[in-house]
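Text of the file work-v1.cif, holding mmCIF, C-alpha atoms:
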data_coords
#
loop_
_atom_site.label_atom_id
_atom_site.label_comp_id
_atom_site.auth_asym_id
_atom_site.auth_seq_id
_atom_site.Cartn_x
_atom_site.Cartn_y
_atom_site.Cartn_z
CA MET L 578 6.06 37.62 32.10
CA ARG L 579 3.38 38.42 34.63
CA VAL L 580 3.33 42.15 35.38
CA ALA L 581 1.31 43.98 38.03
CA TYR L 582 0.77 47.71 37.55
CA VAL L 583 0.08 49.83 40.65
CA THR L 584 -1.47 53.20 39.92
CA MET L 585 -4.03 55.63 41.29
CA LEU L 586 -6.91 55.07 38.84
CA PHE L 587 -7.12 53.04 35.65
CA PRO L 588 -8.02 54.21 33.13
CA ALA L 589 -8.04 57.82 34.32
CA PRO L 590 -10.21 60.15 32.19
CA ALA L 591 -7.40 62.48 31.09
CA GLU L 592 -4.57 59.91 30.87
CA VAL L 593 -3.96 57.38 28.12
CA PHE L 594 -0.32 56.57 28.99
CA ALA L 595 -1.16 53.60 31.19
CA ALA L 596 -3.66 52.21 28.70
CA ASN L 597 -1.02 52.46 25.96
CA ASP L 598 1.49 50.61 28.16
CA VAL L 599 -0.87 47.82 29.11
CA ARG L 600 -2.14 47.32 25.57
CA ALA L 601 1.45 47.19 24.25
CA LEU L 602 2.58 44.69 26.91
CA ARG L 603 -0.37 42.43 26.13
CA ALA L 604 0.37 42.67 22.41
CA LEU L 605 3.91 41.51 23.22
CA GLY L 606 2.54 38.45 25.05
CA ASP L 607 2.70 39.44 28.72
CA GLU L 608 -0.03 39.05 31.34
CA VAL L 609 -0.92 42.34 33.01
CA ALA L 610 -3.09 43.08 36.04
CA VAL L 611 -3.73 46.56 37.41
CA HIS L 612 -4.29 47.59 41.04
CA CYS L 613 -5.67 51.07 41.78
CA LEU L 614 -5.35 52.92 45.06
CA ARG L 615 -8.50 54.91 44.36
CA PRO L 616 -12.10 53.65 44.09
CA GLU L 617 -13.66 52.94 40.72
CA THR L 618 -15.32 56.03 39.25
CA ALA L 619 -18.20 56.40 36.81
CA GLY L 620 -16.98 55.58 33.34
CA CYS L 621 -14.02 53.35 34.27
CA ARG L 622 -15.54 50.24 32.69
CA ALA L 623 -16.57 52.14 29.58
CA ARG L 624 -13.04 53.53 29.23
CA LEU L 625 -11.59 50.03 29.59
CA ALA L 626 -13.77 48.90 26.68
CA GLU L 627 -12.89 52.04 24.71
CA HIS L 628 -9.18 51.22 25.08
CA GLY L 629 -9.70 47.56 24.14
CA LEU L 630 -8.85 46.43 27.68
CA ALA L 631 -12.20 45.19 28.99
CA ASP L 632 -10.70 41.79 29.87
CA VAL L 633 -7.74 43.18 31.87
CA PRO L 634 -7.99 42.29 35.59
CA VAL L 635 -8.35 45.58 37.47
CA THR L 636 -8.94 46.04 41.20
CA TYR L 637 -10.13 49.23 42.88
CA ALA L 638 -10.38 50.48 46.45
CA THR L 639 -13.66 49.48 48.11
CA GLY L 640 -15.09 49.51 51.61
CA ARG L 641 -14.76 45.74 51.76
CA GLY L 642 -11.18 46.06 50.54
CA ALA L 643 -10.38 48.57 53.29
CA LEU L 644 -11.67 46.07 55.82
CA ALA L 645 -9.52 43.39 54.19
CA GLY L 646 -6.51 45.69 54.52
CA LEU L 647 -7.20 46.20 58.21
CA LEU L 648 -7.43 42.42 58.65
CA VAL L 649 -4.04 42.10 56.95
CA ALA L 650 -2.70 44.60 59.50
CA ALA L 651 -4.20 42.51 62.32
CA ARG L 652 -2.72 39.26 61.00
CA HIS L 653 0.66 40.79 60.19
CA PRO L 654 1.20 43.68 62.62
CA ARG L 655 4.92 43.73 61.89
CA TRP L 656 4.27 44.69 58.26
CA ALA L 657 1.62 47.25 59.18
CA LEU L 658 3.73 48.90 61.87
CA ASP L 659 6.76 48.94 59.59
CA LEU L 660 4.72 50.69 56.88
CA LEU L 661 3.18 53.13 59.35
CA ARG L 662 6.56 54.03 60.81
CA TRP L 663 7.96 54.56 57.32
CA VAL L 664 5.03 56.76 56.23
CA VAL L 665 5.35 58.98 59.28
CA ALA L 666 9.12 59.26 58.87
CA CYS L 667 8.78 60.21 55.19
CA SER L 668 5.76 62.51 55.34
CA TRP L 669 5.53 64.18 58.75
CA ARG L 670 6.80 67.48 57.35
CA ARG L 671 3.89 67.71 54.87
CA VAL L 672 0.63 67.13 56.68
CA SER L 673 -1.48 66.77 53.50
CA HIS L 674 0.79 64.00 52.22
CA LEU L 675 0.78 62.29 55.59
CA LEU L 676 -3.02 62.33 55.88
CA ARG L 677 -3.52 61.02 52.33
CA SER L 678 -0.99 58.28 52.99
CA LEU L 679 -2.75 57.21 56.18
CA VAL L 680 -6.08 57.05 54.35
CA LEU L 681 -4.50 54.87 51.67
CA LEU L 682 -2.72 52.49 54.08
CA PRO L 683 -5.49 49.83 54.23
CA ARG L 684 -5.74 49.71 50.44
CA ALA L 685 -1.94 49.49 50.12
CA LEU L 686 -1.92 46.55 52.54
CA GLU L 687 -4.74 44.88 50.63
CA ILE L 688 -2.88 45.21 47.31
CA PHE L 689 0.33 43.94 48.90
CA ASP L 690 -1.48 40.92 50.32
CA ARG L 691 -2.79 40.09 46.84
CA LEU L 692 0.69 40.39 45.36
CA ARG L 693 2.26 38.30 48.12
CA ALA L 694 -0.35 35.55 47.73
CA ASP L 695 0.15 35.31 43.95
CA PRO L 696 3.48 36.97 43.14
CA PRO L 697 3.95 38.41 39.64
CA ASP L 698 7.36 38.59 38.05
CA VAL L 699 7.34 42.40 38.09
CA VAL L 700 5.50 45.00 40.15
CA HIS L 701 5.60 48.29 38.28
CA LEU L 702 4.64 51.51 40.05
CA PHE L 703 3.11 53.53 37.23
CA TRP L 704 3.32 56.71 39.32
CA GLY L 705 6.00 57.39 41.89
CA HIS L 706 4.03 59.14 44.64
CA TYR L 707 1.35 57.24 46.61
CA PRO L 708 1.89 53.91 44.79
CA ALA L 709 5.24 54.01 46.64
CA LEU L 710 3.28 52.73 49.66
CA VAL L 711 2.86 49.40 47.88
CA GLY L 712 6.38 49.60 46.48
CA TYR L 713 7.88 49.89 49.95
CA LEU L 714 6.10 46.72 51.10
CA VAL L 715 7.08 44.81 47.96
CA ALA L 716 10.73 45.85 48.27
CA ARG L 717 10.85 44.86 51.93
CA HIS L 718 8.80 41.68 51.98
CA CYS L 719 8.66 40.19 48.43
CA PRO L 720 12.29 39.33 47.60
CA GLY L 721 11.27 37.22 44.60
CA VAL L 722 9.52 40.08 42.80
CA THR L 723 11.29 42.68 40.65
CA LEU L 724 10.22 46.18 41.71
CA SER L 725 10.08 48.70 38.86
CA MET L 726 9.08 52.35 39.19
CA PHE L 727 8.24 55.31 36.96
CA LEU L 728 8.98 58.81 38.27
CA GLY L 729 9.01 61.80 36.03
CA ALA L 730 5.92 63.99 35.59
CA TYR L 731 3.69 65.53 38.26
CA ASP L 732 4.71 62.68 40.57
CA LEU L 733 8.25 64.09 40.49
CA THR L 734 7.18 67.67 41.16
CA TRP L 735 4.75 66.47 43.87
CA ARG L 736 7.76 65.88 46.17
CA TYR L 737 6.14 63.03 48.01
CA GLY L 738 8.41 61.99 50.87
CA GLY L 739 8.28 58.30 50.01
CA SER L 740 9.23 58.66 46.34
CA GLY L 741 12.98 58.94 46.85
CA PRO L 742 13.32 56.09 49.37
CA VAL L 743 11.34 53.68 47.18
CA ALA L 744 13.18 54.82 44.05
CA ARG L 745 16.42 53.88 45.82
CA LEU L 746 14.97 50.45 46.66
CA ALA L 747 13.61 49.73 43.17
CA ARG L 748 15.58 47.51 40.82
CA VAL L 749 14.97 49.96 37.96
CA VAL L 750 13.59 53.50 37.81
CA TRP L 751 12.11 54.80 34.56
CA THR L 752 11.60 58.35 33.42
CA HIS L 753 10.45 59.65 30.07
CA ALA L 754 12.59 62.74 29.55
CA GLU L 755 16.29 63.53 29.93
CA VAL L 756 15.35 66.77 31.69
CA ASN L 757 14.19 64.69 34.68
CA VAL L 758 17.52 62.94 35.23
CA PRO L 759 19.17 65.59 37.47
CA ALA L 760 16.16 65.60 39.82
CA LEU L 761 16.22 61.81 40.04
CA ARG L 762 19.93 61.80 40.75
CA ARG L 763 19.32 64.32 43.55
CA LEU L 764 16.85 61.83 45.03
CA GLY L 765 19.71 59.36 45.22
CA VAL L 766 18.71 57.05 42.36
CA PRO L 767 21.91 55.30 41.24
CA ALA L 768 22.78 56.05 37.60
CA GLU L 769 23.02 52.34 36.81
CA ARG L 770 19.37 51.82 37.80
CA LEU L 771 17.99 54.81 35.90
CA ARG L 772 16.51 54.41 32.40
CA VAL L 773 15.15 57.11 30.10
CA VAL L 774 12.48 55.78 27.74
CA HIS L 775 9.93 58.07 26.11
CA ARG L 776 6.31 57.28 26.81
CA GLY L 777 4.85 56.32 23.48
CA LEU L 778 1.61 56.28 21.55
CA ASP L 779 -0.27 53.27 20.28
CA LEU L 780 0.40 54.17 16.66
CA ARG L 781 -2.04 51.52 15.47
CA ARG L 782 -4.87 53.68 16.78
CA ILE L 783 -3.89 56.84 14.89
CA PRO L 784 -6.48 57.36 12.13
CA ALA L 785 -5.54 58.08 8.54
CA ARG L 786 -5.68 61.77 7.68
CA ALA L 787 -7.51 62.93 4.59
CA THR L 788 -5.17 63.26 1.62
CA GLU L 789 -6.58 66.72 0.86
CA PRO L 790 -5.50 69.45 3.27
CA VAL L 791 -8.02 70.64 5.82
CA SER L 792 -9.39 73.90 4.45
CA GLY L 793 -11.52 75.21 7.30
CA ARG L 794 -8.69 76.85 9.27
CA ARG L 795 -9.64 74.76 12.24
CA LEU L 796 -7.75 74.96 15.51
CA ILE L 797 -8.03 72.41 18.28
CA THR L 798 -6.94 72.30 21.90
CA VAL L 799 -7.24 69.36 24.28
CA GLY L 800 -6.82 68.95 28.02
CA ARG L 801 -8.30 69.21 31.45
CA LEU L 802 -9.91 72.63 31.92
CA ILE L 803 -7.90 73.88 34.88
CA PRO L 804 -6.06 77.21 35.32
CA SER L 805 -2.53 75.80 34.92
CA LYS L 806 -3.38 74.51 31.44
CA ALA L 807 -3.81 78.17 30.35
CA PHE L 808 -6.88 77.79 28.15
CA ASP L 809 -7.44 81.53 28.71
CA ASP L 810 -4.30 82.06 26.62
CA VAL L 811 -5.66 79.76 23.92
CA LEU L 812 -8.92 81.74 23.74
CA GLU L 813 -7.07 85.06 23.60
CA VAL L 814 -4.79 83.86 20.78
CA PHE L 815 -7.76 82.47 18.89
CA ALA L 816 -9.66 85.76 19.30
CA ARG L 817 -6.77 87.57 17.62
CA ILE L 818 -6.59 84.98 14.84
CA HIS L 819 -10.34 85.11 14.32
CA ARG L 820 -10.21 88.85 13.68
CA ARG L 821 -7.75 88.23 10.86
CA TRP L 822 -9.13 84.93 9.56
CA ASN L 823 -12.87 85.31 9.86
CA GLY L 824 -13.71 81.68 8.98
CA ALA L 825 -11.41 80.16 11.61
CA SER L 826 -12.89 77.91 14.32
CA LEU L 827 -11.66 76.45 17.59
CA LEU L 828 -12.60 73.08 19.08
CA VAL L 829 -11.96 72.68 22.82
CA ILE L 830 -11.96 69.05 23.97
CA GLY L 831 -11.84 68.38 27.70
CA ASP L 832 -13.70 69.09 30.87
CA GLY L 833 -12.92 70.47 34.28
CA PRO L 834 -13.74 73.14 36.84
CA ASP L 835 -12.89 76.02 34.49
CA ARG L 836 -15.43 75.10 31.81
CA SER L 837 -18.14 77.65 32.65
CA ARG L 838 -15.59 80.42 33.21
CA LEU L 839 -13.96 79.72 29.86
CA ARG L 840 -17.33 79.82 28.12
CA GLN L 841 -17.87 83.26 29.64
CA ALA L 842 -14.41 84.31 28.46
CA ALA L 843 -15.29 83.25 24.90
CA GLN L 844 -18.45 85.37 25.11
CA ARG L 845 -16.48 88.34 26.41
CA LEU L 846 -13.93 88.02 23.59
CA GLY L 847 -16.68 87.90 20.96
CA ILE L 848 -15.73 84.42 19.69
CA ALA L 849 -18.46 82.28 21.25
CA GLY L 850 -19.96 81.48 17.85
CA ALA L 851 -16.62 80.19 16.56
CA VAL L 852 -15.65 78.10 19.61
CA THR L 853 -17.08 74.66 20.37
CA PHE L 854 -16.67 73.30 23.90
CA ALA L 855 -17.03 69.57 23.30
CA GLY L 856 -16.37 68.36 26.85
CA HIS L 857 -14.68 65.05 27.53
CA ARG L 858 -14.74 62.79 24.47
CA PRO L 859 -13.68 59.16 23.94
CA HIS L 860 -10.06 58.87 22.95
CA ASP L 861 -10.78 57.63 19.43
CA GLU L 862 -12.92 60.73 18.86
CA VAL L 863 -10.08 62.95 20.08
CA LEU L 864 -7.71 61.37 17.57
CA ARG L 865 -10.23 61.79 14.72
CA ALA L 866 -10.72 65.43 15.68
CA LEU L 867 -6.96 65.99 15.60
CA CYS L 868 -6.81 64.46 12.13
CA GLU L 869 -9.52 66.88 10.99
CA SER L 870 -7.76 70.00 12.35
CA ASP L 871 -5.08 72.27 10.94
CA VAL L 872 -3.44 73.47 14.17
CA LEU L 873 -3.08 72.11 17.69
CA LEU L 874 -2.73 75.05 20.06
CA PHE L 875 -1.39 73.88 23.42
CA LEU L 876 -0.18 76.67 25.71
CA SER L 877 0.00 75.01 29.12
CA ARG L 878 1.86 76.74 31.96
CA LYS L 879 1.70 73.68 34.21
CA ASP L 880 4.99 73.12 36.04
CA SER L 881 4.81 69.35 35.76
CA GLU L 882 4.14 69.24 32.01
CA ARG L 883 6.65 66.83 30.48
CA LEU L 884 6.46 65.95 26.76
CA PRO L 885 2.64 66.22 26.74
CA ASN L 886 0.85 63.23 25.28
CA VAL L 887 -1.64 65.36 23.36
CA VAL L 888 1.23 67.08 21.55
CA LYS L 889 2.58 63.69 20.49
CA GLU L 890 -0.90 62.79 19.28
CA GLY L 891 -1.26 66.05 17.39
CA MET L 892 2.08 65.45 15.68
CA ALA L 893 1.15 61.85 14.88
CA CYS L 894 -2.11 63.13 13.37
CA ARG L 895 -0.17 65.62 11.22
CA CYS L 896 -1.40 68.78 12.91
CA ALA L 897 0.81 71.83 12.85
CA CYS L 898 1.54 72.15 16.59
CA VAL L 899 1.99 75.48 18.37
CA VAL L 900 3.01 74.66 21.94
CA SER L 901 4.40 76.40 25.01
CA ARG L 902 7.92 75.74 26.21
CA THR L 903 7.76 73.15 28.97
CA PRO L 904 10.62 71.11 30.48
CA GLY L 905 12.13 68.75 27.92
CA ILE L 906 9.89 69.87 25.03
CA GLU L 907 12.90 70.09 22.70
CA ALA L 908 12.97 66.27 22.59
CA LEU L 909 9.53 66.39 21.01
CA VAL L 910 9.14 69.67 19.13
CA VAL L 911 12.00 71.42 17.36
CA ASP L 912 10.92 75.01 16.81
CA GLY L 913 10.38 75.75 13.13
CA GLU L 914 11.08 72.14 12.08
CA THR L 915 8.52 69.84 13.68
CA GLY L 916 6.27 72.55 15.12
CA PHE L 917 6.47 75.89 16.88
CA VAL L 918 7.57 76.44 20.49
CA VAL L 919 6.64 79.68 22.24
CA GLU L 920 7.48 80.95 25.68
CA PRO L 921 4.66 80.64 28.23
CA GLY L 922 2.48 83.73 28.04
CA ASP L 923 3.95 84.99 24.74
CA LEU L 924 0.59 85.29 23.01
CA SER L 925 1.89 87.50 20.20
CA ARG L 926 4.39 84.86 19.16
CA ALA L 927 1.71 82.13 19.35
CA GLU L 928 -0.57 84.27 17.19
CA ALA L 929 2.21 84.79 14.65
CA CYS L 930 2.87 81.03 14.47
CA VAL L 931 -0.78 80.19 13.78
CA ASP L 932 -0.89 83.00 11.23
CA ALA L 933 2.18 81.52 9.50
CA VAL L 934 0.45 78.14 9.23
CA PHE L 935 -2.58 79.67 7.57
CA ARG L 936 -0.50 81.88 5.24
CA ASP L 937 1.77 79.10 3.99
CA PRO L 938 -0.09 75.75 3.88
CA PRO L 939 2.64 73.88 1.92
CA ARG L 940 5.24 74.76 4.55
CA ALA L 941 2.82 73.78 7.32
CA ARG L 942 2.11 70.42 5.69
CA ALA L 943 5.85 69.72 5.31
CA MET L 944 6.38 70.57 8.98
CA ALA L 945 3.49 68.29 9.97
CA GLU L 946 4.97 65.43 7.95
CA ARG L 947 8.32 65.84 9.70
CA ALA L 948 6.53 65.87 13.03
CA HIS L 949 4.65 62.69 12.15
CA GLY L 950 7.87 60.93 11.22
CA HIS L 951 9.59 62.05 14.43
CA VAL L 952 6.81 60.61 16.58
CA VAL L 953 6.71 57.33 14.66
CA ARG L 954 10.46 56.89 15.06
CA ASN L 955 10.78 57.93 18.70
CA PHE L 956 7.44 57.66 20.51
CA ASP L 957 6.03 54.22 19.75
CA ALA L 958 4.44 52.56 22.80
CA VAL L 959 5.30 49.06 21.58
CA ALA L 960 8.96 50.00 21.17
CA ALA L 961 8.93 51.60 24.64
CA MET L 962 7.45 48.50 26.23
CA ARG L 963 9.99 46.32 24.46
CA ALA L 964 12.67 48.36 26.22
CA TYR L 965 10.91 47.87 29.57
CA ARG L 966 10.59 44.11 28.97
CA ARG L 967 14.25 43.75 27.99
CA GLU L 968 15.28 45.41 31.23
CA TRP L 969 12.85 43.41 33.34
CA ARG L 970 13.98 40.14 31.75
CA ALA L 971 17.63 41.04 32.26
CA LEU L 972 16.97 41.76 35.92
CA ARG L 973 15.12 38.48 36.33
CA ALA L 974 17.89 36.56 34.59
CA ALA L 975 20.54 38.22 36.75
CA GLU L 976 18.79 37.05 39.91
CA PRO L 977 18.05 33.34 39.47
CA ALA L 978 17.66 32.86 43.21
CA LEU L 979 14.87 35.43 43.33
CA THR L 980 13.17 33.83 40.36
CA ALA L 981 13.32 30.48 42.13
CA VAL L 982 11.72 31.97 45.23
CA THR L 983 8.89 33.40 43.14
CA ALA L 984 8.32 30.11 41.33
CA ALA L 985 8.30 28.14 44.58
CA SER L 986 5.71 30.45 46.12
CA ARG L 987 3.19 29.90 43.31
#

Using structure tokens, write down the structure that the file contains.
Amino acid sequence: MRVAYVTMLFPAPAEVFAANDVRALRALGDEVAVHCLRPETAGCRARLAEHGLADVPVTYATGRGALAGLLVAARHPRWALDLLRWVVACSWRRVSHLLRSLVLLPRALEIFDRLRADPPDVVHLFWGHYPALVGYLVARHCPGVTLSMFLGAYDLTWRYGGSGPVARLARVVWTHAEVNVPALRRLGVPAERLRVVHRGLDLRRIPARATEPVSGRRLITVGRLIPSKAFDDVLEVFARIHRRWNGASLLVIGDGPDRSRLRQAAQRLGIAGAVTFAGHRPHDEVLRALCESDVLLFLSRKDSERLPNVVKEGMACRCACVVSRTPGIEALVVDGETGFVVEPGDLSRAEACVDAVFRDPPRARAMAERAHGHVVRNFDAVAAMRAYRREWRALRAAEPALTAVTAASR
């Protein structure tokens, strides 16, 4: 099949989900192109190469593209006015959403014009907020194309006015956690069009872990350094652990606006010499660092956290994972069996869990092995994309007239 992904930015610095999807689809024999609503940023091309996707066709927003979108509006005013009317109707109650949507309209029209000129079999909205602008046009004016949509993480909690209407137009709506289903049903997504498939890892990229246990009592945490990720909690827990286990160390991978403040917090807690702030690192380096660590400490308080990818990676790399309770986490981490789950802000419990790992290494290794097996069985990107492809093919087969329209337009 020919599949077009519509997203905000590809590859985004702190997201590997889309790269995993695209790599898996290509491994299964599909052609994939990606269209981004945002401009290309520094490092995009390097990240494409890092993910083995340097030859994937990717388009970004540009000044010339914005002009092209305005020309599309001039040539096809009916489409442009229809989209504008829909945006205003969906977003007028939230001015920030409305303004962002209006800024993105020319790029959405440009992407739509590309898709209309050379229709793929499937247009998949990788996020369900602003990519819905393109989804609306595809649903309304490309009857030969199967519209597919993901909605389930921060795009679900964003409450973008266009998400629900486009989800109701899409032929299939995907989410990656059962906990999201009630919210999607409240948006009016019919049960028969809703599919729950976990977002997976590219297990081929997980490095082998040393056969000997890591002996340095090394903790690791990974993520964007923003307040909602609660890295202050991580530093506080580590400070307590460091007082008891003097040789312990903490590696912080990630960057963001909180970096300098967190460095100051480490100084204030007296742990600066035991904490390394590594900044953003290539994904392969992140995976190697996880394989060289004893404990992944992930204590996010972010409302939109859903089955965090880094926790899956930590489990796949056989780290003992101590994580905060976030919506749906029980599908990934079973407390005491495949890791430890603590309530957000319960630093004493998090400290006790890390302490238990250090005090009983055989138990920790057995837990890490169970976690590894759980991820391999249930969070494989290739298996997830097979499920997507089966559904897309079934939809295409069920609509031979639409397939004929697409073929005739090529």

Next item on the list: Excluding region 903-919 of chain L and any residue of its chain fewer than 2 positions from it, enumerate the residues within 6 Å of it, using all atoms listed in the file, and give them as a PyMOL selection string.
Entry: chain L and resi 756+883-884+897-901+944+947-948

Notebook entry, point to check: If we count only C-alpha atoms, what is near Arg748 (chain L) at a cut-off of 9 Å, once residues fewer than 4 positions away on the same chain are taken out, given as a PyMOL selection string?
Noted result: chain L and resi 723-726+744+770+969+972

Export, as a PDB file, in the frame of the given file, the selected residues with C-alpha atoms.
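Full text of part-v8.pdb as output:
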ATOM      1  CA  THR L 723      11.290  42.680  40.650  1.00  0.00           C
ATOM      2  CA  LEU L 724      10.220  46.180  41.710  1.00  0.00           C
ATOM      3  CA  SER L 725      10.080  48.700  38.860  1.00  0.00           C
ATOM      4  CA  MET L 726       9.080  52.350  39.190  1.00  0.00           C
ATOM      5  CA  ALA L 744      13.180  54.820  44.050  1.00  0.00           C
ATOM      6  CA  ARG L 770      19.370  51.820  37.800  1.00  0.00           C
ATOM      7  CA  TRP L 969      12.850  43.410  33.340  1.00  0.00           C
ATOM      8  CA  LEU L 972      16.970  41.760  35.920  1.00  0.00           C
TER       9      LEU L 972
END

Check: Quick one: of L:Glu869, L:Asp598, L:Glu592, L:Asp832, who's nearest to Phe956 (chain L), counting only C-alpha atoms?
Finding: L:Asp598

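CA of Val887 (chain L) is positioned 21.4 Å from CA of Asp932 (chain L).
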
Next item on the list: Let me know the residues the PyMOL selection byres ((chain L and resi 849-853) around 7) catches in the file above, as a list in words.
Entry: Ser826, Leu827, Leu828, Val829, Ala843, Gln844, Gly847, Ile848, Phe854 and Ala855 of chain L

With 6 Å added on each side, what axis-aligned box encloses every listed atom of region 586-589 of chain L? Give the centre and edge lengths in Å to one decimal, as AutoDock Vina command-line options.
--center_x -7.5 --center_y 55.4 --center_z 36.0 --size_x 13.1 --size_y 16.8 --size_z 17.7

Item checked: Ground truth for the PyMOL selection byres ((chain L and resi 669-675) around 12), written as a list in words ->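 Output of the PyMOL selection byres ((chain L and resi 669-675) around 12): Leu661, Arg662, Trp663, Val664, Val665, Ala666, Cys667, Ser668, Leu676, Arg677, Ser678, Leu679, Val680, Leu681, Leu682, His706, Tyr707, Leu710, Trp735, Arg736, Tyr737, Gly738, Gly739 and Ser740 of chain L.
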
Next item on the list: Just the residues within 9 Å of Glu617 (chain L), please, counting all atoms listed in the file, with nothing from its chain fewer than 5 positions along; format it as a VMD selection string.
Entry: chain L and resid 586 to 587 622 636 to 639

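Close contacts of Ala842 (chain L), defined as residues with an atom at most 12 Å away when counting only C-alpha atoms, with chain neighbours fewer than 2 positions off set aside, comprise Phe808, Asp809, Asp810, Val811, Leu812, Glu813, Phe815, Ala816, Asp835, Arg836, Ser837, Arg838, Leu839, Arg840, Gln844, Arg845, Leu846, Gly847, Ile848, Ala849 and Val852 of chain L.
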
Next item on the list: Rank nothing, just name the residue among L:Ala941, L:Ala929, L:Met585, L:Ala595 nearest to Val711 (chain L), using all atoms listed in the file.
Entry: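 So, comparing all the options, the nearest one is L:Met585.
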
Notebook entry, point to check: Of the candidates L:Pro767, L:Gly729, L:Gly712, L:Pro939, which one gets nearest to Thr752 (chain L) if we count only C-alpha atoms?
Noted result: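 That would be L:Gly729, the residue with the smallest distance to Thr752 (chain L).
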
Item checked: Residue neighbourhood Pro784 (chain L), 9 Å, only C-alpha atoms, exclusion window fewer than 6 positions, as a list in words ->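 The residues satisfying every condition are Asp861, Leu864, Arg865, Cys868 and Cys894 of chain L.
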